[in-house]
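K.L.:
Input structure: coords.cif, which contains mmCIF, N, CA and C atoms.
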```cif
data_data
loop_
_atom_site.group_PDB
_atom_site.id
_atom_site.type_symbol
_atom_site.label_atom_id
_atom_site.label_comp_id
_atom_site.auth_asym_id
_atom_site.auth_seq_id
_atom_site.Cartn_x
_atom_site.Cartn_y
_atom_site.Cartn_z
ATOM 1 N N MET A 7 -0.895 -1.320 -4.762
ATOM 2 C CA MET A 7 -1.244 -0.551 -3.588
ATOM 3 C C MET A 7 -0.276 -0.906 -2.465
ATOM 4 N N LYS A 8 0.238 0.105 -1.837
ATOM 5 C CA LYS A 8 1.147 -0.097 -0.709
ATOM 6 C C LYS A 8 0.479 0.238 0.616
ATOM 7 N N GLU A 9 -0.488 1.168 0.561
ATOM 8 C CA GLU A 9 -1.164 1.618 1.776
ATOM 9 C C GLU A 9 -2.645 1.795 1.501
ATOM 10 N N GLY A 10 -3.441 1.701 2.566
ATOM 11 C CA GLY A 10 -4.870 1.889 2.405
ATOM 12 C C GLY A 10 -5.571 2.043 3.746
ATOM 13 N N ARG A 11 -6.851 2.375 3.674
ATOM 14 C CA ARG A 11 -7.699 2.512 4.858
ATOM 15 C C ARG A 11 -8.818 1.487 4.761
ATOM 16 N N LEU A 12 -9.272 1.011 5.914
ATOM 17 C CA LEU A 12 -10.387 0.079 5.943
ATOM 18 C C LEU A 12 -11.699 0.829 5.771
ATOM 19 N N SER A 13 -12.720 0.110 5.321
ATOM 20 C CA SER A 13 -14.060 0.689 5.281
ATOM 21 C C SER A 13 -14.472 1.008 6.720
ATOM 22 N N SER A 14 -15.407 1.912 6.886
ATOM 23 C CA SER A 14 -15.800 2.334 8.237
ATOM 24 C C SER A 14 -16.372 1.169 9.046
ATOM 25 N N ALA A 15 -17.081 0.241 8.403
ATOM 26 C CA ALA A 15 -17.628 -0.913 9.118
ATOM 27 C C ALA A 15 -16.507 -1.783 9.683
ATOM 28 N N LEU A 16 -15.447 -2.003 8.907
ATOM 29 C CA LEU A 16 -14.336 -2.825 9.396
ATOM 30 C C LEU A 16 -13.488 -2.077 10.414
ATOM 31 N N GLN A 17 -13.384 -0.768 10.296
ATOM 32 C CA GLN A 17 -12.671 0.013 11.315
ATOM 33 C C GLN A 17 -13.334 -0.198 12.658
ATOM 34 N N GLU A 18 -14.652 -0.175 12.670
ATOM 35 C CA GLU A 18 -15.390 -0.367 13.919
ATOM 36 C C GLU A 18 -15.255 -1.809 14.420
ATOM 37 N N ARG A 19 -15.353 -2.778 13.511
ATOM 38 C CA ARG A 19 -15.270 -4.194 13.904
ATOM 39 C C ARG A 19 -13.930 -4.524 14.542
ATOM 40 N N TYR A 20 -12.846 -4.007 13.977
ATOM 41 C CA TYR A 20 -11.509 -4.324 14.484
ATOM 42 C C TYR A 20 -10.989 -3.308 15.493
ATOM 43 N N GLY A 21 -11.771 -2.270 15.777
ATOM 44 C CA GLY A 21 -11.349 -1.267 16.748
ATOM 45 C C GLY A 21 -10.185 -0.428 16.268
ATOM 46 N N ILE A 22 -10.159 -0.200 14.962
ATOM 47 C CA ILE A 22 -9.082 0.584 14.352
ATOM 48 C C ILE A 22 -9.660 1.932 13.943
ATOM 49 N N GLY A 23 -8.993 2.998 14.292
ATOM 50 C CA GLY A 23 -9.429 4.324 13.870
ATOM 51 C C GLY A 23 -9.214 4.506 12.376
ATOM 52 N N ASN A 24 -9.448 5.688 11.914
ATOM 53 C CA ASN A 24 -9.296 6.007 10.497
ATOM 54 C C ASN A 24 -7.816 6.242 10.185
ATOM 55 N N VAL A 25 -7.014 5.186 10.314
ATOM 56 C CA VAL A 25 -5.573 5.282 10.090
ATOM 57 C C VAL A 25 -5.193 4.560 8.803
ATOM 58 N N VAL A 26 -4.072 4.933 8.259
ATOM 59 C CA VAL A 26 -3.561 4.300 7.051
ATOM 60 C C VAL A 26 -2.795 3.046 7.450
ATOM 61 N N GLY A 27 -3.096 1.942 6.778
ATOM 62 C CA GLY A 27 -2.404 0.685 7.041
ATOM 63 C C GLY A 27 -1.438 0.355 5.917
ATOM 64 N N LYS A 28 -0.481 -0.478 6.226
ATOM 65 C CA LYS A 28 0.513 -0.896 5.233
ATOM 66 C C LYS A 28 0.239 -2.338 4.816
ATOM 67 N N VAL A 29 0.356 -2.599 3.524
ATOM 68 C CA VAL A 29 0.158 -3.944 3.002
ATOM 69 C C VAL A 29 1.369 -4.798 3.374
ATOM 70 N N LEU A 30 1.114 -5.923 4.034
ATOM 71 C CA LEU A 30 2.177 -6.863 4.387
ATOM 72 C C LEU A 30 2.306 -7.957 3.337
ATOM 73 N N TRP A 31 1.156 -8.376 2.775
ATOM 74 C CA TRP A 31 1.127 -9.489 1.826
ATOM 75 C C TRP A 31 -0.152 -9.403 1.021
ATOM 76 N N HIS A 32 -0.145 -9.931 -0.186
ATOM 77 C CA HIS A 32 -1.377 -10.073 -0.954
ATOM 78 C C HIS A 32 -1.294 -11.323 -1.813
ATOM 79 N N SER A 33 -2.458 -11.890 -2.090
ATOM 80 C CA SER A 33 -2.515 -13.059 -2.969
ATOM 81 C C SER A 33 -2.421 -12.584 -4.408
ATOM 82 N N LEU A 34 -2.128 -13.497 -5.292
ATOM 83 C CA LEU A 34 -2.036 -13.170 -6.711
ATOM 84 C C LEU A 34 -2.438 -14.419 -7.486
ATOM 85 N N ASN A 35 -3.531 -14.305 -8.275
ATOM 86 C CA ASN A 35 -3.954 -15.489 -9.019
ATOM 87 C C ASN A 35 -3.266 -15.536 -10.383
ATOM 88 N N GLU A 36 -3.581 -16.556 -11.171
ATOM 89 C CA GLU A 36 -2.901 -16.756 -12.448
ATOM 90 C C GLU A 36 -3.108 -15.614 -13.433
ATOM 91 N N SER A 37 -4.235 -14.909 -13.326
ATOM 92 C CA SER A 37 -4.498 -13.796 -14.247
ATOM 93 C C SER A 37 -3.884 -12.479 -13.754
ATOM 94 N N GLY A 38 -3.252 -12.499 -12.587
ATOM 95 C CA GLY A 38 -2.596 -11.317 -12.059
ATOM 96 C C GLY A 38 -3.472 -10.467 -11.158
ATOM 97 N N ALA A 39 -4.675 -10.942 -10.853
ATOM 98 C CA ALA A 39 -5.580 -10.191 -9.977
ATOM 99 C C ALA A 39 -5.284 -10.520 -8.512
ATOM 100 N N ILE A 40 -5.429 -9.512 -7.667
ATOM 101 C CA ILE A 40 -5.208 -9.682 -6.230
ATOM 102 C C ILE A 40 -6.542 -10.017 -5.582
ATOM 103 N N GLY A 41 -6.558 -11.070 -4.776
ATOM 104 C CA GLY A 41 -7.787 -11.488 -4.121
ATOM 105 C C GLY A 41 -7.915 -10.960 -2.707
ATOM 106 N N VAL A 42 -6.911 -11.193 -1.880
ATOM 107 C CA VAL A 42 -6.974 -10.772 -0.479
ATOM 108 C C VAL A 42 -5.658 -10.112 -0.065
ATOM 109 N N TYR A 43 -5.749 -9.311 0.986
ATOM 110 C CA TYR A 43 -4.601 -8.590 1.533
ATOM 111 C C TYR A 43 -4.453 -8.921 3.013
ATOM 112 N N ASP A 44 -3.230 -8.876 3.498
ATOM 113 C CA ASP A 44 -2.919 -8.818 4.924
ATOM 114 C C ASP A 44 -2.327 -7.435 5.148
ATOM 115 N N MET A 45 -2.871 -6.706 6.126
ATOM 116 C CA MET A 45 -2.416 -5.335 6.360
ATOM 117 C C MET A 45 -2.139 -5.091 7.836
ATOM 118 N N LYS A 46 -1.270 -4.117 8.086
ATOM 119 C CA LYS A 46 -0.913 -3.739 9.450
ATOM 120 C C LYS A 46 -1.362 -2.307 9.707
ATOM 121 N N PHE A 47 -2.144 -2.135 10.767
ATOM 122 C CA PHE A 47 -2.622 -0.827 11.207
ATOM 123 C C PHE A 47 -2.077 -0.594 12.603
ATOM 124 N N GLY A 48 -1.013 0.186 12.712
ATOM 125 C CA GLY A 48 -0.368 0.367 14.011
ATOM 126 C C GLY A 48 0.197 -0.954 14.484
ATOM 127 N N ASP A 49 -0.278 -1.447 15.638
ATOM 128 C CA ASP A 49 0.178 -2.730 16.172
ATOM 129 C C ASP A 49 -0.758 -3.886 15.804
ATOM 130 N N THR A 50 -1.814 -3.586 15.057
ATOM 131 C CA THR A 50 -2.830 -4.587 14.722
ATOM 132 C C THR A 50 -2.653 -5.091 13.298
ATOM 133 N N ILE A 51 -2.602 -6.405 13.130
ATOM 134 C CA ILE A 51 -2.530 -7.020 11.803
ATOM 135 C C ILE A 51 -3.897 -7.625 11.497
ATOM 136 N N VAL A 52 -4.431 -7.279 10.334
ATOM 137 C CA VAL A 52 -5.718 -7.822 9.885
ATOM 138 C C VAL A 52 -5.438 -8.641 8.633
ATOM 139 N N ARG A 53 -5.876 -9.891 8.646
ATOM 140 C CA ARG A 53 -5.604 -10.812 7.541
ATOM 141 C C ARG A 53 -6.853 -11.065 6.699
ATOM 142 N N ASN A 54 -6.620 -11.448 5.453
ATOM 143 C CA ASN A 54 -7.676 -11.851 4.524
ATOM 144 C C ASN A 54 -8.705 -10.757 4.245
ATOM 145 N N LEU A 55 -8.227 -9.544 4.038
ATOM 146 C CA LEU A 55 -9.109 -8.440 3.667
ATOM 147 C C LEU A 55 -9.371 -8.481 2.166
ATOM 148 N N LEU A 56 -10.612 -8.336 1.778
ATOM 149 C CA LEU A 56 -10.945 -8.254 0.365
ATOM 150 C C LEU A 56 -10.602 -6.875 -0.174
ATOM 151 N N ALA A 57 -10.277 -6.803 -1.433
ATOM 152 C CA ALA A 57 -9.922 -5.526 -2.054
ATOM 153 C C ALA A 57 -11.062 -4.515 -1.912
ATOM 154 N N GLU A 58 -12.318 -4.994 -1.926
ATOM 155 C CA GLU A 58 -13.467 -4.088 -1.800
ATOM 156 C C GLU A 58 -13.544 -3.425 -0.427
ATOM 157 N N ASP A 59 -12.883 -4.005 0.575
ATOM 158 C CA ASP A 59 -12.920 -3.471 1.934
ATOM 159 C C ASP A 59 -11.835 -2.438 2.205
ATOM 160 N N ILE A 60 -10.988 -2.183 1.218
ATOM 161 C CA ILE A 60 -9.847 -1.284 1.408
ATOM 162 C C ILE A 60 -9.956 -0.101 0.458
ATOM 163 N N LYS A 61 -9.734 1.087 1.009
ATOM 164 C CA LYS A 61 -9.675 2.296 0.188
ATOM 165 C C LYS A 61 -8.198 2.630 -0.014
ATOM 166 N N PRO A 62 -7.685 2.477 -1.232
ATOM 167 C CA PRO A 62 -6.255 2.734 -1.466
ATOM 168 C C PRO A 62 -5.876 4.183 -1.161
ATOM 169 N N GLU A 63 -4.718 4.366 -0.605
ATOM 170 C CA GLU A 63 -4.158 5.692 -0.372
ATOM 171 C C GLU A 63 -3.166 5.990 -1.483
ATOM 172 N N VAL A 64 -3.171 7.209 -1.947
ATOM 173 C CA VAL A 64 -2.227 7.613 -2.987
ATOM 174 C C VAL A 64 -0.869 7.802 -2.349
ATOM 175 N N VAL A 65 0.093 7.074 -2.873
ATOM 176 C CA VAL A 65 1.462 7.187 -2.376
ATOM 177 C C VAL A 65 2.156 8.268 -3.192
ATOM 178 N N LYS A 66 2.605 9.293 -2.509
ATOM 179 C CA LYS A 66 3.296 10.382 -3.198
ATOM 180 C C LYS A 66 4.747 9.986 -3.403
ATOM 181 N N GLU A 67 5.107 9.847 -4.654
ATOM 182 C CA GLU A 67 6.477 9.482 -4.981
ATOM 183 C C GLU A 67 7.122 10.632 -5.727
ATOM 184 N N HIS A 68 8.407 10.648 -5.712
ATOM 185 C CA HIS A 68 9.112 11.681 -6.461
ATOM 186 C C HIS A 68 10.097 11.018 -7.407
ATOM 187 N N LYS A 69 10.486 11.750 -8.413
ATOM 188 C CA LYS A 69 11.431 11.228 -9.393
ATOM 189 C C LYS A 69 12.546 12.235 -9.603
ATOM 190 N N HIS A 70 13.637 11.735 -10.081
ATOM 191 C CA HIS A 70 14.767 12.583 -10.433
ATOM 192 C C HIS A 70 14.987 12.486 -11.934
ATOM 193 N N ALA A 71 15.425 13.572 -12.505
ATOM 194 C CA ALA A 71 15.727 13.555 -13.937
ATOM 195 C C ALA A 71 16.935 12.659 -14.189
ATOM 196 N N ALA A 72 16.924 12.010 -15.317
ATOM 197 C CA ALA A 72 18.051 11.139 -15.680
ATOM 198 C C ALA A 72 19.288 11.992 -15.955
ATOM 199 N N ARG A 73 20.412 11.477 -15.575
ATOM 200 C CA ARG A 73 21.676 12.180 -15.835
ATOM 201 C C ARG A 73 22.350 11.587 -17.047
ATOM 202 N N ARG A 74 22.945 12.428 -17.812
ATOM 203 C CA ARG A 74 23.680 11.966 -18.979
ATOM 204 C C ARG A 74 25.101 11.613 -18.578
ATOM 205 N N GLU A 75 25.654 10.628 -19.227
ATOM 206 C CA GLU A 75 27.022 10.188 -18.935
ATOM 207 C C GLU A 75 28.052 11.272 -19.246
ATOM 208 N N ASP A 76 27.766 12.119 -20.234
ATOM 209 C CA ASP A 76 28.730 13.139 -20.630
ATOM 210 C C ASP A 76 28.496 14.478 -19.922
ATOM 211 N N ASP A 77 27.712 14.498 -18.860
ATOM 212 C CA ASP A 77 27.425 15.721 -18.118
ATOM 213 C C ASP A 77 28.668 16.147 -17.342
ATOM 214 N N ALA A 78 29.171 17.340 -17.595
ATOM 215 C CA ALA A 78 30.377 17.837 -16.927
ATOM 216 C C ALA A 78 30.139 18.086 -15.444
ATOM 217 N N GLN A 79 28.921 18.351 -15.031
ATOM 218 C CA GLN A 79 28.598 18.620 -13.635
ATOM 219 C C GLN A 79 28.489 17.336 -12.786
ATOM 220 N N ARG A 80 28.467 16.206 -13.441
ATOM 221 C CA ARG A 80 28.301 14.938 -12.727
ATOM 222 C C ARG A 80 29.607 14.544 -12.048
ATOM 223 N N THR A 81 29.502 14.183 -10.795
ATOM 224 C CA THR A 81 30.693 13.746 -10.069
ATOM 225 C C THR A 81 30.813 12.245 -10.172
ATOM 226 N N LYS A 82 32.047 11.796 -10.157
ATOM 227 C CA LYS A 82 32.276 10.351 -10.282
ATOM 228 C C LYS A 82 32.659 9.757 -8.969
#
```
Would you mind giving the structure from this file in structure tokens?

P.N.:
Amino acid sequence: MKEGRLSSALQERYGIGNVVGKVLWHSLNESGAIGVYDMKFGDTIVRNLLAEDIKPEVVKEHKHAARREDDAQRTK
């Protein structure tokens, strides 16, 4: 997860509107599970957020088709 929103209770507690925050850091245990997040919402940084308190936002990514080495249209 790269971005997410806080639960409505935490939005109210921290005075943050319904904005998307960016993940600054997350913990990682030996089994590969994430325990807590540090996130930035505008100018506000909230630390030690549990995964249950965050609603992940879908990051829209795009891809390009692979180019072949022998493609005559490819510029070098």

K.L.:
Given the file shown, enumerate the residues that the PyMOL selection byres (((chain A and resi 57 and name CA) around 12) and name CA) captures and present them as an NGL selection string.

P.N.:
:A and (7 or 9-13 or 29 or 32-34 or 39-45 or 53-56 or 58-62)

K.L.:
In Å to one decimal, how far is atom C of Lys8 (chain A) from CA of Ser37 (chain A)?

P.N.:
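Distance reported for this atom pair: 21.0 Å.
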
K.L.:
So the first atom is CA of Arg19 (chain A) and the second is CA of Val64 (chain A); what is the distance between them in Å, to one decimal place?

P.N.:
24.4 Å

K.L.:
Grab the CA of Ala15 (chain A) to atom C of Asp49 (chain A) distance for me, in Å with one decimal place.

P.N.:
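If I compute the distance from CA of Ala15 (chain A) to atom C of Asp49 (chain A), I get 18.4 Å.
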
K.L.:
Return as lines of an AutoDock Vina configuration file the box centre and box size in Å, one decimal, for an axis-aligned box around all listed atoms of region 18-25 of chain A padded by 6 Å per side.

P.N.:
```
center_x = -10.3
center_y = 0.9
center_z = 12.8
size_x = 22.2
size_y = 22.8
size_z = 19.9
```

K.L.:
Write out as a list in words the residues lying within 9 Å of Ile22 (chain A), counting only C-alpha atoms and excluding same-chain residues fewer than 5 positions away.

P.N.:
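Neighbouring residues, sequence-local ones excluded: Leu12, Leu16, Gln17, Phe47, Gly48 and Thr50 of chain A.
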
K.L.:
Measuring atom to atom with only C-alpha atoms, identify which of A:Asp76, A:Asn35, A:Tyr20, A:Ser14 is nearest to Val52 (chain A).

P.N.:
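Between A:Asp76, A:Asn35, A:Tyr20, A:Ser14, the residue approaching Val52 (chain A) most closely is A:Tyr20.
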